[in-house]
Every structure is written in structure tokens, then in C-alpha cells.
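S.K.: Structure file coords_11.txt (compact mmCIF, C-alpha atoms and all ligand atoms) right here:
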```
# COMPACT_ATOMS: atom_id res chain seq x y z
CA MET A 143 71.11 182.28 136.59
CA GLU A 144 68.92 183.72 133.86
CA THR A 145 65.90 185.72 134.89
CA ALA A 146 62.81 186.24 132.80
CA ILE A 147 60.57 189.22 133.26
CA VAL A 148 57.08 187.98 132.77
CA ALA A 149 54.01 190.14 132.47
CA VAL A 150 50.91 188.19 133.43
CA ASN A 151 47.84 189.83 132.02
CA VAL A 152 44.73 188.39 133.61
CA LYS A 153 41.71 189.54 131.61
CA ALA A 154 39.18 188.88 134.28
CA VAL A 155 36.83 191.18 136.11
CA ARG A 156 39.07 192.71 138.68
CA THR A 157 37.55 192.99 142.10
CA VAL A 158 39.55 193.36 145.24
CA LYS A 159 37.40 192.58 148.24
CA ASN A 160 38.33 193.81 151.66
CA ASN A 161 36.78 194.52 155.01
CA LEU A 162 38.46 197.83 155.74
CA THR A 163 36.82 199.91 158.44
CA PHE A 164 37.40 203.57 159.26
CA ASP A 165 37.01 205.54 162.48
CA SER A 166 35.48 209.03 162.50
CA LEU A 167 38.84 210.82 162.05
CA GLU A 168 39.79 208.59 159.11
CA LEU A 169 36.39 209.25 157.52
CA GLU A 170 36.94 212.98 158.04
CA LEU A 171 40.36 212.76 156.31
CA ARG A 172 38.89 210.84 153.37
CA GLU A 173 36.19 213.47 153.02
CA TYR A 174 38.72 216.32 153.24
CA ALA A 175 40.91 214.68 150.60
CA LYS A 176 37.94 214.20 148.28
CA GLU A 177 36.67 217.76 148.67
CA ASN A 178 40.10 219.34 148.32
CA GLY A 179 41.61 217.15 145.62
CA VAL A 180 44.33 215.72 147.85
CA PRO A 181 45.48 212.40 146.36
CA ILE A 182 45.49 209.84 149.18
CA ILE A 183 45.91 206.10 148.79
CA ILE A 184 42.79 204.38 147.45
CA ASP A 185 41.13 201.55 149.35
CA GLU A 186 42.46 198.68 147.20
CA GLY A 187 46.02 199.89 147.62
CA LEU A 188 45.46 200.54 151.30
CA SER A 189 44.18 197.01 151.94
CA PHE A 190 47.25 195.62 150.14
CA LEU A 191 49.64 197.85 152.10
CA GLU A 192 47.98 197.02 155.42
CA SER A 193 48.21 193.29 154.66
CA VAL A 194 51.94 193.63 154.02
CA ILE A 195 52.29 195.56 157.29
CA ARG A 196 50.30 193.00 159.27
CA ILE A 197 52.43 190.16 157.90
CA LYS A 198 55.71 192.01 158.27
CA LYS A 199 55.00 193.82 161.57
CA PRO A 200 57.57 196.54 160.84
CA ILE A 201 59.06 198.35 163.81
CA ASN A 202 60.05 201.36 161.71
CA ILE A 203 58.38 202.53 158.51
CA LEU A 204 59.65 205.31 156.24
CA GLU A 205 57.03 207.05 154.12
CA ILE A 206 57.92 209.46 151.31
CA GLY A 207 54.91 211.76 150.82
CA SER A 208 52.67 212.30 153.87
CA ALA A 209 50.03 214.65 152.41
CA ILE A 210 47.45 215.01 155.24
CA GLY A 211 48.79 212.06 157.24
CA TYR A 212 46.07 209.59 156.25
CA SER A 213 48.28 206.66 155.17
CA ALA A 214 50.75 207.39 157.99
CA ILE A 215 47.92 207.05 160.52
CA ARG A 216 46.64 203.84 158.92
CA MET A 217 50.16 202.35 158.74
CA ALA A 218 50.98 203.23 162.36
CA ARG A 219 47.73 201.65 163.48
CA ALA A 220 48.02 198.47 161.39
CA ALA A 221 50.86 197.00 163.46
CA ASN A 222 51.69 199.68 166.03
CA SER A 223 54.73 200.74 163.96
CA ASN A 224 56.79 203.92 164.20
CA VAL A 225 56.29 205.95 161.05
CA TYR A 226 58.77 208.55 159.78
CA SER A 227 57.08 210.44 156.98
CA ILE A 228 58.57 213.14 154.75
CA GLU A 229 56.49 215.97 153.25
CA ARG A 230 57.72 219.04 151.37
CA ASP A 231 54.46 221.01 151.09
CA GLU A 232 53.96 223.32 154.09
CA LYS A 233 50.16 223.23 154.03
CA MET A 234 50.14 219.42 153.85
CA TYR A 235 52.75 219.22 156.58
CA ASN A 236 50.66 221.38 158.94
CA LEU A 237 47.50 219.42 158.18
CA ALA A 238 49.34 216.14 158.80
CA ILE A 239 50.66 217.38 162.16
CA GLY A 240 47.13 218.44 163.21
CA ASN A 241 45.64 215.12 162.16
CA ILE A 242 48.31 213.10 163.94
CA ASN A 243 47.60 215.09 167.11
CA LYS A 244 43.90 214.33 166.74
CA ALA A 245 44.74 210.64 166.32
CA ASN A 246 46.92 210.72 169.47
CA LEU A 247 49.80 209.29 167.51
CA ASN A 248 52.47 211.95 168.22
CA ASP A 249 54.70 209.35 169.82
CA LYS A 250 54.42 206.98 166.82
CA ILE A 251 54.41 209.27 163.75
CA HIS A 252 57.16 211.78 163.00
CA ILE A 253 56.60 214.11 160.07
CA ILE A 254 59.70 215.66 158.53
CA PHE A 255 59.08 218.92 156.67
CA LYS A 256 61.57 218.71 153.79
CA ASP A 257 62.00 217.66 150.21
CA ALA A 258 62.64 213.91 150.47
CA LEU A 259 65.75 214.28 148.32
CA GLU A 260 67.20 216.46 151.09
CA ALA A 261 65.99 214.62 154.18
CA PHE A 262 68.40 211.69 154.30
CA ASP A 263 70.34 213.07 157.27
CA ASP A 264 67.13 213.32 159.31
CA VAL A 265 66.64 209.54 159.23
CA LYS A 266 70.12 208.19 158.46
CA ASP A 267 70.54 206.59 161.90
CA ILE A 268 67.30 204.59 161.68
CA LYS A 269 66.94 201.11 160.17
CA PHE A 270 63.63 200.63 158.35
CA ASP A 271 61.66 197.44 157.87
CA LEU A 272 59.38 198.99 155.28
CA ILE A 273 59.68 201.97 152.96
CA PHE A 274 56.50 203.29 151.36
CA ILE A 275 57.09 205.57 148.36
CA ASP A 276 54.11 207.78 147.49
CA ALA A 277 55.42 211.19 146.36
CA ALA A 278 56.54 212.79 143.06
CA LYS A 279 56.34 209.91 140.56
CA ALA A 280 59.23 211.16 138.41
CA GLN A 281 61.56 210.86 141.40
CA TYR A 282 60.76 207.29 142.47
CA HIS A 283 64.08 205.96 141.21
CA LYS A 284 65.99 208.61 143.17
CA PHE A 285 63.96 207.99 146.34
CA PHE A 286 64.57 204.25 146.01
CA ASP A 287 68.34 204.63 145.60
CA LEU A 288 68.64 207.22 148.34
CA TYR A 289 66.69 205.42 151.07
CA THR A 290 67.10 201.67 150.44
CA PRO A 291 70.57 201.68 152.10
CA LEU A 292 68.57 202.25 155.32
CA LEU A 293 66.51 199.10 154.79
CA ASN A 294 66.98 196.12 157.10
CA ASP A 295 68.09 192.82 155.57
CA GLU A 296 64.52 191.55 155.60
CA GLY A 297 63.14 194.89 154.46
CA VAL A 298 60.53 195.62 151.80
CA VAL A 299 59.76 198.63 149.62
CA VAL A 300 56.20 199.35 148.51
CA CYS A 301 55.49 201.96 145.82
CA ASP A 302 52.05 203.37 145.00
CA ASN A 303 50.75 204.72 141.64
CA MET A 304 53.01 202.43 139.64
CA TYR A 305 50.43 202.26 136.83
CA PHE A 306 49.47 205.95 137.21
CA HIS A 307 45.74 205.80 136.38
CA GLY A 308 46.41 203.01 133.87
CA LEU A 309 48.56 205.26 131.70
CA VAL A 310 51.75 203.28 132.28
CA GLU A 311 50.00 200.06 131.28
CA ASP A 312 48.46 201.37 128.10
CA ILE A 313 50.64 203.85 126.26
CA SER A 314 48.64 203.63 123.02
CA ASN A 315 47.16 207.11 123.59
CA ILE A 316 50.32 208.65 124.92
CA ASP A 317 50.35 211.37 122.25
CA ASN A 318 47.13 212.79 123.69
CA TYR A 319 48.83 213.73 126.92
CA SER A 320 50.85 216.79 127.81
CA ARG A 321 54.61 216.74 127.60
CA SER A 322 54.96 216.61 131.39
CA VAL A 323 52.56 213.63 131.70
CA ARG A 324 54.41 211.86 128.87
CA GLY A 325 57.70 212.47 130.68
CA LEU A 326 56.23 211.10 133.88
CA ILE A 327 54.92 207.96 132.19
CA ARG A 328 58.33 207.41 130.61
CA LYS A 329 60.04 207.81 133.99
CA LEU A 330 57.65 205.37 135.67
CA ASN A 331 58.24 202.87 132.86
CA GLU A 332 61.98 203.23 133.35
CA PHE A 333 61.49 202.70 137.08
CA HIS A 334 59.53 199.47 136.39
CA GLU A 335 62.46 198.20 134.32
CA TYR A 336 64.95 199.27 136.94
CA LEU A 337 63.10 197.40 139.70
CA LEU A 338 62.45 194.29 137.62
CA ASN A 339 66.11 194.08 136.59
CA ASN A 340 67.51 194.90 140.02
CA ASN A 341 69.58 191.96 141.23
CA ASP A 342 69.23 192.94 144.89
CA TYR A 343 65.43 192.76 145.05
CA HIS A 344 62.59 190.43 144.13
CA THR A 345 59.95 192.78 142.67
CA SER A 346 56.35 192.31 141.62
CA ILE A 347 54.11 195.06 140.31
CA TYR A 348 50.45 194.39 140.96
CA ASN A 349 47.40 195.77 139.24
CA ILE A 350 45.93 196.75 142.59
CA GLY A 351 44.69 200.24 143.37
CA ASP A 352 46.68 202.57 141.15
CA GLY A 353 49.39 199.92 140.75
CA MET A 354 51.39 198.79 143.76
CA SER A 355 54.88 197.34 143.62
CA ILE A 356 56.55 195.33 146.31
CA SER A 357 60.29 194.81 146.33
CA VAL A 358 61.76 192.36 148.82
CA LYS A 359 65.48 192.33 149.54
CA LYS A 360 67.19 189.17 148.23
C1 LIG B 401 50.02 211.09 146.88
S1 LIG B 401 50.33 212.27 148.10
C2 LIG B 401 50.67 211.29 149.51
C3 LIG B 401 49.44 210.62 150.05
C4 LIG B 401 49.63 209.90 151.35
N1 LIG B 401 50.73 208.96 151.29
C5 LIG B 401 48.36 209.13 151.67
O1 LIG B 401 48.10 208.12 151.00
O2 LIG B 401 47.64 209.55 152.59
C6 LIG B 401 51.94 212.81 147.67
C7 LIG B 401 52.56 213.85 148.62
O3 LIG B 401 53.96 213.83 148.39
C8 LIG B 401 54.45 215.13 148.53
N2 LIG B 401 55.71 215.17 147.77
C9 LIG B 401 55.87 215.10 146.44
N3 LIG B 401 57.18 215.10 146.13
C10 LIG B 401 57.86 215.19 147.31
C11 LIG B 401 59.23 215.25 147.65
N4 LIG B 401 60.19 215.25 146.72
N5 LIG B 401 59.55 215.32 148.96
C12 LIG B 401 58.60 215.34 149.92
N6 LIG B 401 57.28 215.29 149.65
C13 LIG B 401 56.92 215.22 148.36
C14 LIG B 401 53.34 216.02 147.95
O4 LIG B 401 53.44 217.33 148.47
C15 LIG B 401 52.09 215.26 148.39
O5 LIG B 401 51.58 215.80 149.57
```
Using C-alpha cells, write down the structure that the file contains.
M.R.:
Amino acid sequence: METAIVAVNVKAVRTVKNNLTFDSLELELREYAKENGVPIIIDEGLSFLESVIRIKKPINILEIGSAIGYSAIRMARAANSNVYSIERDEKMYNLAIGNINKANLNDKIHIIFKDALEAFDDVKDIKFDLIFIDAAKAQYHKFFDLYTPLLNDEGVVVCDNMYFHGLVEDISNIDNYSRSVRGLIRKLNEFHEYLLNNNDYHTSIYNIGDGMSISVKK
């Protein structure tokens, strides 16, 4: 069967409405992230991710990139899922552990302090219903290939920052960016192509938040 990759460009005012609410700890984490320049998932992306989780009701979630534990806490709470989250930065790891303690979610969220490319053995015996990729953008393809063998038959993969502040969508000014940003944009573009041409997954990349993709196993 022939497949066509179609880009639908809706030139309308883009407003994602949601009724997200935050408890005092979550508000504290948002404030900390803002003040300290920690990139956490933005509300549009979060509302999308939480909808997927509420529909899917995953038992086990794998997250690549915990930062301070904000999205891990939100994901665990959305459908009472177990979250295994991998973080390589020591300061972030310690902050995440502290925040998960404060949230009383030690039994639901397990943070693994490693580079995600070296943490496969830590989770290899677990089957995941959802994988959320939100770490080094240039490595998305590697994360996807490494961890999708652990996905259940009905599993889904969600990736954040797929449009990377709009830069992946509009490459007309690409020459104005540093070599490393250009490399990153090129890698994300390659990852788009890889997902859209992957025969094992149905993938859509949405202009929500910073660009969210969802890949569903065929
Ligand atoms: C965008 S932040 C994660 C935000 C978090 N998911 C949230 O929304 O609350 C990305 C995190 O991934 C971590 N990271 C980047 N590359 C990684 C890798 N290869 N292995 C593990 N962690 C990584 C960074 O240290 C950073 O804390």
C-alpha cells in the first residue's frame, strides 16, 4: 500500500483551550523552572499529554528527561501510572527526588540517574504502555530505537519539542543560527522523516506546545 505524507497547514489563530489546574507543589515547580531557566513542558503540550494518558490509562510510563520531576508528577497523577524517568544531570536528579518525596509519589515514580543511552538495563524487564521523550533533541532517534522494543503492542510514544521553538517548521532563517542549533534542527527534521516513514508506527506531529508527536504501534 502506498503511503502519502501530508503536511496540513492550518493558517488559523491557534488557541488550545484547557482547564488545567495545579496544586501548590506544582505551582512551586513551575515558578522554580521559570526563575532558574529549567525547560519544563508547557501547558499546551501538558494538556495534550495528559489527555493521551487519560485515554490510554498506562500502567507503566517511561520518561526520558526528568529535569525537576514536574512532568513525571503530572503523568503519575493523571491516571495513577508508574513512571520510570531517566535523568543524567545530578542537580536535576536530586531536585526531582526531593520533589517526588514532597508529592508523596515515591512508590509511583522511579528516577534513574544515568544517561538515557546507558540506562536500558535498568528498565529492560518492564513493558511500557507509553514512552515520553523529552531530553537531548539530537538523540531522539537513538532514544526511540533503544526503548521502543520495550513498548507493549498497544503502546504509544510521545515526543516533545518536535518543532523546537518553530525553528524546525520554518528553516528560512537557518543561516542566522549557530552551527550547533543548525545541527539540532537538521537532526529533528531527520527524526520527523524517520517517524513519518516508519512502517511500524502511525505517527502524527501536532503544532501543539513546542510540537508534540504521537506514534502509535501498528
Ligand atoms: C526538557 S527537560 C525535561 C523536562 C521534564 N520532562 C518536564 O517537562 O518537567 C530535559 C532534561 O533531559 C535531561 N537529558 C538530556 N539528555 C539526556 C540524556 N541523554 N539522558 C538523560 N537525561 C537527559 C536534561 O538534563 C534535562 O534535565
S.K.: Compile the contact shell of Ile228 of chain A as number ranges by chain: residues with an atom at most 12 Å away, counting all atoms listed in the file, same-chain residues fewer than 5 positions apart removed.
M.R.: A: 203-211, 214, 234-235, 238-239, 251-262, 264-265, 273-278, 285, 289
S.K.: Quick one: distance from atom CA of Ile201 of chain A to atom CA of Val225 of chain A in Å, one decimal?
M.R.: 8.5 Å
S.K.: Can you list, as a PyMOL selection string, every protein, DNA or RNA residue that comes within 12 Å of Lys159 of chain A when you count only C-alpha atoms, leaving out same-chain residues fewer than 5 positions away?
M.R.: chain A and resi 185-190+350-351
S.K.: Can you list, as number ranges by chain, every protein, DNA or RNA residue that comes within 12 Å of Glu168 of chain A when you count only C-alpha atoms, leaving out same-chain residues fewer than 3 positions away?
M.R.: A: 162-165, 171-175, 182, 210-216, 219, 241-242, 244-245
S.K.: Measuring between all atoms listed in the file, which one of A:Glu311, A:Asp271, A:Asp295, A:Asp352 shows the shortest distance to ligand LIG 401 (chain B)?
M.R.: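 So, comparing all the options, the nearest one is A:Asp352.
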S.K.: For Pro291 of chain A, list every protein, DNA or RNA residue within 10 Å, evaluated using all atoms listed in the file, and leave out those in the same chain fewer than 6 positions away; present the list as a PyMOL selection string.
M.R.: chain A and resi 266+269-270
S.K.: Within 12 Å of (64.1, 198.1, 139.2), in the coordinates the file gives, what residues turn up when you count only C-alpha atoms, written out as number ranges by chain?
M.R.: A: 147, 282-284, 286-287, 299, 301, 304, 329-347, 355-359
S.K.: Using Å and a single decimal, report how far atom O1 of ligand LIG 401 (chain B) sits from atom CA of Ile184 of chain A.
M.R.: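 If I compute the distance from atom CA of Ile184 of chain A to atom O1 of ligand LIG 401 (chain B), I get 7.4 Å.
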S.K.: With only C-alpha atoms as the counted atoms, please give the residues lying no more than 10 Å from Ile313 of chain A, apart from itself and same-chain residues fewer than 6 positions off, as a list in words.
M.R.: Arg324, Ile327 and Arg328 of chain A
S.K.: Which residue out of A:Met354, A:Lys360, A:Lys279, A:Asp263 has the minimum interatomic distance to Asp302 of chain A when all atoms listed in the file are used?
M.R.: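 Distance minimum relative to Asp302 of chain A lands on A:Met354.
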S.K.: Which is closer to Gly325 of chain A than all the others in A:Ala280, A:Val194, A:Ile183, A:Leu309, using all atoms listed in the file?
M.R.: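 Ranked by minimum distance to Gly325 of chain A, first place goes to A:Ala280.
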S.K.: Enter the distance from atom CA of Thr290 of chain A to atom CA of Met217 of chain A, in Å, rounded to one decimal.
M.R.: 18.9 Å
S.K.: With only C-alpha atoms and all ligand atoms as the atoms that count, which of A:Leu191, A:Ala220, A:Val148, A:Leu247 lies nearest to ligand LIG 401 (chain B)?
M.R.: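 Under the stated criterion, the closest residue is A:Leu191.
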S.K.: Using all atoms listed in the file, pick whichever of A:Val300, A:Leu167, A:Ala221, A:Val323 has the shortest atom-to-atom distance to Asn243 of chain A.
M.R.: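 Result for the nearest residue to Asn243 of chain A: A:Leu167.
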S.K.: Nearest residue to Thr157 of chain A out of A:Ser227, A:Asn222, A:Ser314, A:Asn349, using all atoms listed in the file?
M.R.: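 Closest to Thr157 of chain A of all the choices is A:Asn349.
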